[in-house]
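Engineer: Before I ask anything, let me first share the structure, which is written out below as structure tokens.
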Amino acid sequence: MSALVHVRLMPDSGPIRRLLHPPLEPYRSFTMKAGSLHTIYAEEAGSGDGIPVMCLHGGPGGGISPDMRRFFDPRRWRMILFDQRGCGRSTPHAELRENTTWDLVADMEALRVSLGIEKMVLFGGSWGSTLALAYAVTHPERVAGLILRGIFLVTNAEILWFYQSGASQIYPDAYDRYIAPIPEGERGDLLSAFHARLTAADRDTRITAARAWSRWEGDALSIRGPDARPNRFEDDRFVEAFARIECHYFTNGGFLPHDGWLLEQAGEKLKGIPGRIVHGRFDVLTPLASAWALKTAWPDATLEIVPDAGHASLEPGIVDGLVRACEDMAELVGRA
């Protein structure tokens with residue numbers, strides 16, 4: 001563990017954990033045209049002359065949430081958040097055309113240029129970690145550092161583990177609800193079966209599949225299990241974009257050149273870029289092995305394994321680790 005990661009101990013009570021900063025409203029919101037189809041919603045919060053950090057939500061298709069702003073000290077950071085193509089307040093809703101990893105990387109670069117930012121820190125969890133890494137290996141000269149959670153490298157093994165067989169052995173009750181809309185004869189390839197339904201012309205078919213797909217992910221987010229599923233996983237508008245866009249990306253291998261490409265690139269392109277990785281020991285969605293492999297390939301990163309956490313960003317140990325990582329990165333980048 002890096003010496004820069006500190007935990008203050010209290011007698012007989014364990015470590016004092018950092019909490020989220022108070023709720024914060026953006027000081028600016030705007031839209032940006034992206035390609036021929038999409039319009040991106042974006043916002044800025046914190047200090048206009050603070051350290052620029054681009055915050056990347058999960059999914060893909062998850063959209064930003066107000067809590068994403070609360071990991072940062074608003075006096076030190078200039079936060080840039082945006083809803084990726086097809087989700088949140090970006091339009092058109094749940095659109096799959098012109099929606100690939102490289103379209104999103106281009107959107108990030110266009111935002112950076114439009115905001116007059118020379119270099120920025122990237123902050124993202126789950127799919128947000130994927131997108132941060134994809135941008136960083138493409139534009140390393142524009143990245144001052146990375147703060148990542150729940151590492152997801154979009155490998156075949158990771159996708160099969162969660163969406164076909166693996167996590168099913170830990171949450172068999174939730175898994176049975178997940179596969180319920182799929183006939184037994186199609187369950188040998190659940191990704192394809194869901195893709196066919198999530199792209200169907202009939203909206204009822206799409207929504208039924210989207211509810212099952214999204215609930216499966218929501219049920220496994222936290223070590224507390226289905227009882228901790230976020231409320232937005234009950235919202236049909238949210239789940240349609242979330243499930244359709246996720247399945248679209250995963251069916252296409254994240255639009256990466258080949259399996260394992262992102263890890264290969266990280267080992268070469270991230271040299272000299274500081275990274276802070278926080279990962280739950282009991283993360284079922286994105287198992288710890290991916291974070292371990294990334295840290296092994298990227299010596300400039302530190303990895304903090306949270307012993308009592310799963311995947312969710314708001315679990316107490318994950319919050320603590322990310323808030324400290326942001327404090328650490330502010331000190332590191334502020335001295336550069």
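To be explicit about the labels: the chains of the structure tokens are called A, B, and onward in the order shown, and within each one the residues are counted from 1, while ligands get numbers from 1 in the order they are shown.
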List as a list in words the protein and nucleic acid residues near range 200-204 of chain A, meaning an atom at most 12 Å away when only C-alpha atoms are counted, but skip any in the same chain fewer than 4 places from it.
Structural biologist: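 Near range 200-204 of chain A, the qualifying residues are Pro181, Ala193, Phe194, His195, Ala196, Thr208, Ala209, Ala210, Arg211, Asp236, Arg237, Glu240 and Arg244 of chain A.
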Engineer: Write out as a PyMOL selection string all residues of range 280-312 of chain A that DSSP puts in alpha helix (DSSP H) for this structure's backbone.
Structural biologist: chain A and resi 288-297
Engineer: Just the residues within 10 Å of Trp261 in chain A, please, counting only C-alpha atoms, with nothing from its chain fewer than 2 positions along; format it as a list in words.
Structural biologist: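 The contact residues come out as Ala134, Leu153, Val154, Thr155, Leu256, Pro257, His258, Asp259, Leu263, Glu264, Gln265 and Ala266 of chain A.
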Engineer: So which residues touch range 271-280 of chain A within 7 Å, counting only C-alpha atoms, skipping near sequence neighbours fewer than 5 positions away, as JSON, numbers by chain?
Structural biologist: {"A": [144, 145, 146, 147, 148, 149, 150, 288, 298, 300, 301, 302, 303, 304, 305, 306, 307, 308, 309, 310, 311, 318, 321, 322, 325]}
Engineer: Keeping only C-alpha atoms, take the residues you just selected and write them out as a compact mmCIF listing (two decimals), in the first residue's frame.
Structural biologist:
```
# COMPACT_ATOMS: atom_id res chain seq x y z
CA ALA A 144 -2.55 14.51 -14.98
CA GLY A 145 -3.72 11.47 -12.99
CA LEU A 146 -6.45 8.86 -12.61
CA ILE A 147 -8.67 7.97 -9.65
CA LEU A 148 -10.46 4.70 -10.37
CA ARG A 149 -12.88 2.32 -8.65
CA GLY A 150 -14.19 -1.14 -9.53
CA LEU A 288 -10.68 -7.84 -7.90
CA TRP A 298 0.99 0.06 -14.08
CA ASP A 300 2.71 4.35 -11.04
CA ALA A 301 -0.65 3.36 -9.54
CA THR A 302 -1.51 2.30 -6.00
CA LEU A 303 -4.27 -0.17 -5.21
CA GLU A 304 -6.35 -0.01 -2.06
CA ILE A 305 -8.41 -3.15 -1.41
CA VAL A 306 -11.39 -2.36 0.79
CA PRO A 307 -11.95 -5.46 2.93
CA ASP A 308 -15.66 -4.95 3.68
CA ALA A 309 -17.04 -3.68 0.37
CA GLY A 310 -18.50 -4.82 -2.91
CA HIS A 311 -18.94 -2.77 -6.09
CA ILE A 318 -15.38 2.77 -0.90
CA GLY A 321 -11.01 5.22 0.00
CA LEU A 322 -12.13 7.49 -2.84
CA ALA A 325 -7.62 9.20 -3.02
```
Engineer: With distances taken over only C-alpha atoms, which of A:Gly218, A:Gly317, A:Pro172, A:Pro52 is nearest to Gly334 in chain A?
Structural biologist: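 Using only C-alpha atoms, Gly334 in chain A sits closest to A:Pro52.
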Engineer: List the spatial neighbours of Cys87 in chain A as a VMD selection string - criterion: any atom at most 12 Å away, only C-alpha atoms, same-chain residues fewer than 3 positions off excluded.
Structural biologist: chain A and resid 38 to 42 57 to 65 82 to 84 90 to 96 99 237 to 246
Engineer: Take the residues from that selection and put them in a file with C-alpha atoms, as a PDB file, in the first residue's frame.
Structural biologist:
```pdb
ATOM      1  CA  HIS A  38     -26.295  13.238 -30.200  1.00  0.00           C
ATOM      2  CA  THR A  39     -26.428  16.200 -27.847  1.00  0.00           C
ATOM      3  CA  ILE A  40     -24.465  15.837 -24.614  1.00  0.00           C
ATOM      4  CA  TYR A  41     -25.524  17.342 -21.295  1.00  0.00           C
ATOM      5  CA  ALA A  42     -22.607  18.553 -19.143  1.00  0.00           C
ATOM      6  CA  HIS A  57     -20.245   7.613 -14.773  1.00  0.00           C
ATOM      7  CA  GLY A  58     -20.766   3.897 -15.020  1.00  0.00           C
ATOM      8  CA  GLY A  59     -22.850   1.629 -17.193  1.00  0.00           C
ATOM      9  CA  PRO A  60     -22.293   2.507 -19.961  1.00  0.00           C
ATOM     10  CA  GLY A  61     -25.707   4.148 -19.932  1.00  0.00           C
ATOM     11  CA  GLY A  62     -25.896   4.968 -16.211  1.00  0.00           C
ATOM     12  CA  GLY A  63     -25.880   8.766 -16.327  1.00  0.00           C
ATOM     13  CA  ILE A  64     -24.388  11.141 -13.773  1.00  0.00           C
ATOM     14  CA  SER A  65     -25.718  11.515 -10.235  1.00  0.00           C
ATOM     15  CA  PHE A  82     -21.428  14.742 -18.432  1.00  0.00           C
ATOM     16  CA  ASP A  83     -24.116  12.262 -19.395  1.00  0.00           C
ATOM     17  CA  GLN A  84     -22.626   9.947 -21.991  1.00  0.00           C
ATOM     18  CA  SER A  90     -28.274  13.650 -23.149  1.00  0.00           C
ATOM     19  CA  THR A  91     -30.365  13.041 -26.251  1.00  0.00           C
ATOM     20  CA  PRO A  92     -31.669  11.065 -28.077  1.00  0.00           C
ATOM     21  CA  HIS A  93     -32.539   8.745 -25.214  1.00  0.00           C
ATOM     22  CA  ALA A  94     -31.256   5.135 -25.391  1.00  0.00           C
ATOM     23  CA  GLU A  95     -29.834   5.720 -28.881  1.00  0.00           C
ATOM     24  CA  LEU A  96     -27.315   3.068 -29.984  1.00  0.00           C
ATOM     25  CA  ASN A  99     -22.474   5.221 -29.657  1.00  0.00           C
ATOM     26  CA  ARG A 237     -36.684   5.265 -18.425  1.00  0.00           C
ATOM     27  CA  PHE A 238     -33.387   4.685 -16.629  1.00  0.00           C
ATOM     28  CA  VAL A 239     -33.324   0.907 -17.092  1.00  0.00           C
ATOM     29  CA  GLU A 240     -34.096   1.038 -20.822  1.00  0.00           C
ATOM     30  CA  ALA A 241     -31.075   3.240 -21.576  1.00  0.00           C
ATOM     31  CA  PHE A 242     -28.890   1.425 -19.044  1.00  0.00           C
ATOM     32  CA  ALA A 243     -29.616  -2.108 -20.272  1.00  0.00           C
ATOM     33  CA  ARG A 244     -29.722  -1.314 -24.004  1.00  0.00           C
ATOM     34  CA  ILE A 245     -26.462   0.621 -24.006  1.00  0.00           C
ATOM     35  CA  GLU A 246     -24.620  -1.839 -21.742  1.00  0.00           C
TER      36      GLU A 246
END
```
